[in-house]
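Everything below concerns the one structure shown next.
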Amino acid sequence: MPEQPQTSRGAATYQRILDAATEEFSRHGIAGARIERVVTAARTNKAQLYAYFGDKDRLFDAIFLSSLERITNVVPIDADDLADWAVRLYDEYLRRPDLIRLATWTRLERRPAGHLVETHQHYDDRKLTAIAEAQAAGRVRAGDPFDIMAVVIAMSMAWSPVSNVYAASDQEPEDVHDRRRALLRDCVRRATAPDGDAAPPS
């Protein structure tokens, strides 16, 4: 059973391992990542890493599940304004492109079909409940709440590192991002508006 750090020094080492592993896995994937590079970047050793995380696969699990928690907590859903949620997701992908890369490696190397994680209910249930409540109140179009969520997330990722057209960067001019945000907001609003309410206001 992996250990948990018991001292502030151990906690600092633990966090350095997480940070270094996030960079390593996001760049090289699960198969391509090297523990030697992680421990060098984290200024620790393999024995300490394995004591905390068990093995390479469980280290990846730790950083990937942490990335899902971050998205859930830093960008909480607002089912009454799914367009704004999509824009906030766009901004988070600019800040942390590594989070999307981790999800992409998971899809490529672990789960090519179906849900991205076995514990998807933990990350999805609150979102789905919020969407279903907004649908019941007539504020979101009818349909499977999961499909609505999937469409909004996919639209928010149009310029993310998973795009097969163009991946945005936080180094681009702000007016470029503002233009994309405006387009994304309008497209999501139209796509999720209740029936008969998808036209833009006159």
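Residue numbers start at 1 in each chain; chains themselves are named A, B, ... in the order of the structure tokens; ligands are numbered from 1 in the order shown.
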
**Contacts of Trp85 (chain A) within 10 Å, only C-alpha atoms, excl. fewer than 6 positions in-chain, as a list in words** =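 Counting only the stated atoms, we get Val75, Pro76, Ile77, Asp78, Ala79, Asp91, Val152, Ile153, Ser156, Arg185 and Val188 of chain A.
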
Okay, now the selection with all heavy atoms, as a short mmCIF file (atom, residue, chain, number, x, y, z; two decimals), in the first residue's frame?
```cif
data_model
loop_
_atom_site.label_atom_id
_atom_site.label_comp_id
_atom_site.auth_asym_id
_atom_site.auth_seq_id
_atom_site.Cartn_x
_atom_site.Cartn_y
_atom_site.Cartn_z
N VAL A 75 -13.62 24.81 -12.65
CA VAL A 75 -14.60 25.25 -13.65
C VAL A 75 -15.92 24.55 -13.38
O VAL A 75 -16.35 23.67 -14.16
CB VAL A 75 -14.09 24.95 -15.08
CG1 VAL A 75 -14.95 25.69 -16.10
CG2 VAL A 75 -12.63 25.33 -15.25
N PRO A 76 -16.61 24.89 -12.30
CA PRO A 76 -17.88 24.22 -11.99
C PRO A 76 -18.95 24.56 -13.03
O PRO A 76 -18.96 25.66 -13.58
CB PRO A 76 -18.25 24.79 -10.61
CG PRO A 76 -17.55 26.11 -10.56
CD PRO A 76 -16.27 25.93 -11.31
N ILE A 77 -19.81 23.60 -13.29
CA ILE A 77 -20.86 23.80 -14.29
C ILE A 77 -21.88 24.82 -13.81
O ILE A 77 -22.17 24.93 -12.61
CB ILE A 77 -21.56 22.46 -14.62
CG1 ILE A 77 -22.45 22.62 -15.84
CG2 ILE A 77 -22.33 21.94 -13.42
CD1 ILE A 77 -23.01 21.31 -16.37
N ASP A 78 -22.41 25.58 -14.75
CA ASP A 78 -23.58 26.43 -14.52
C ASP A 78 -24.57 26.05 -15.61
O ASP A 78 -24.46 26.50 -16.75
CB ASP A 78 -23.21 27.91 -14.60
CG ASP A 78 -24.41 28.82 -14.38
OD1 ASP A 78 -25.54 28.30 -14.23
OD2 ASP A 78 -24.23 30.05 -14.39
N ALA A 79 -25.52 25.19 -15.29
CA ALA A 79 -26.45 24.68 -16.30
C ALA A 79 -27.38 25.76 -16.81
O ALA A 79 -27.99 25.60 -17.87
CB ALA A 79 -27.25 23.50 -15.74
N ASP A 91 -10.88 28.74 -21.38
CA ASP A 91 -9.82 29.47 -20.68
C ASP A 91 -8.95 28.54 -19.83
O ASP A 91 -7.74 28.73 -19.75
CB ASP A 91 -10.43 30.57 -19.80
CG ASP A 91 -10.97 31.73 -20.61
OD1 ASP A 91 -10.52 31.92 -21.75
OD2 ASP A 91 -11.85 32.46 -20.10
N VAL A 152 -21.36 20.22 -25.29
CA VAL A 152 -20.81 21.47 -24.79
C VAL A 152 -19.31 21.34 -24.54
O VAL A 152 -18.52 22.21 -24.91
CB VAL A 152 -21.54 21.92 -23.51
CG1 VAL A 152 -20.86 23.16 -22.90
CG2 VAL A 152 -23.00 22.22 -23.81
N ILE A 153 -18.90 20.23 -23.92
CA ILE A 153 -17.48 20.03 -23.66
C ILE A 153 -16.71 19.94 -24.97
O ILE A 153 -15.63 20.53 -25.12
CB ILE A 153 -17.26 18.77 -22.80
CG1 ILE A 153 -17.80 19.01 -21.38
CG2 ILE A 153 -15.79 18.40 -22.75
CD1 ILE A 153 -17.77 17.78 -20.49
N SER A 156 -16.22 23.31 -26.40
CA SER A 156 -15.23 24.08 -25.64
C SER A 156 -13.80 23.69 -25.99
O SER A 156 -12.86 24.46 -25.81
CB SER A 156 -15.46 23.89 -24.13
OG SER A 156 -14.98 22.62 -23.69
N ARG A 185 -19.43 31.09 -27.29
CA ARG A 185 -20.60 31.42 -26.47
C ARG A 185 -21.88 31.39 -27.30
O ARG A 185 -22.89 30.83 -26.88
CB ARG A 185 -20.40 32.79 -25.81
CG ARG A 185 -21.50 33.20 -24.86
CD ARG A 185 -21.19 34.52 -24.17
NE ARG A 185 -20.19 34.37 -23.12
CZ ARG A 185 -18.93 34.80 -23.19
NH1 ARG A 185 -18.52 35.44 -24.29
NH2 ARG A 185 -18.10 34.63 -22.19
N VAL A 188 -22.74 27.66 -28.47
CA VAL A 188 -23.26 26.82 -27.39
C VAL A 188 -24.66 27.28 -26.99
O VAL A 188 -25.55 26.45 -26.75
CB VAL A 188 -22.30 26.83 -26.18
CG1 VAL A 188 -22.94 26.12 -24.98
CG2 VAL A 188 -20.99 26.16 -26.55
#
```

**Asked** What's the 12 Å shell around Asp61 (chain A), counting only C-alpha atoms, without same-chain residues fewer than 6 positions away, as a list in words?
**Response**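 Close residues of Asp61 (chain A): Leu18, Ala21, Thr22, Phe25, Ile30, Phe53, Gly54, Asp55, Ser67, Leu68, Leu102, Ala103, Trp105, Thr106, Arg110, Val117, Glu118 and Thr119 of chain A.
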
**Message:** Can you pull out the residues contacting region 161-174 of chain A? Cut-off 10 Å, using only C-alpha atoms, and skip same-chain residues under 5 positions away; I want them as number ranges by chain.
**Reply:** A: 90-91, 93-101, 103-104, 154, 179-180

**Complete:** Residue with the minimum atom-to-atom distance to Phe64 (chain A), picked from A:Ser26, A:Gln15, A:Gln135, A:Thr129 with only C-alpha atoms counted, is A:Ser26

**Item:** Selected residue, from A:Val176, A:Leu59, A:Ala42, A:Ile148, that lies nearest to Thr13 (chain A) when counting only C-alpha atoms
**Value:**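 Checking each of A:Val176, A:Leu59, A:Ala42, A:Ile148 against Thr13 (chain A), counting only C-alpha atoms, the winner is A:Ala42.
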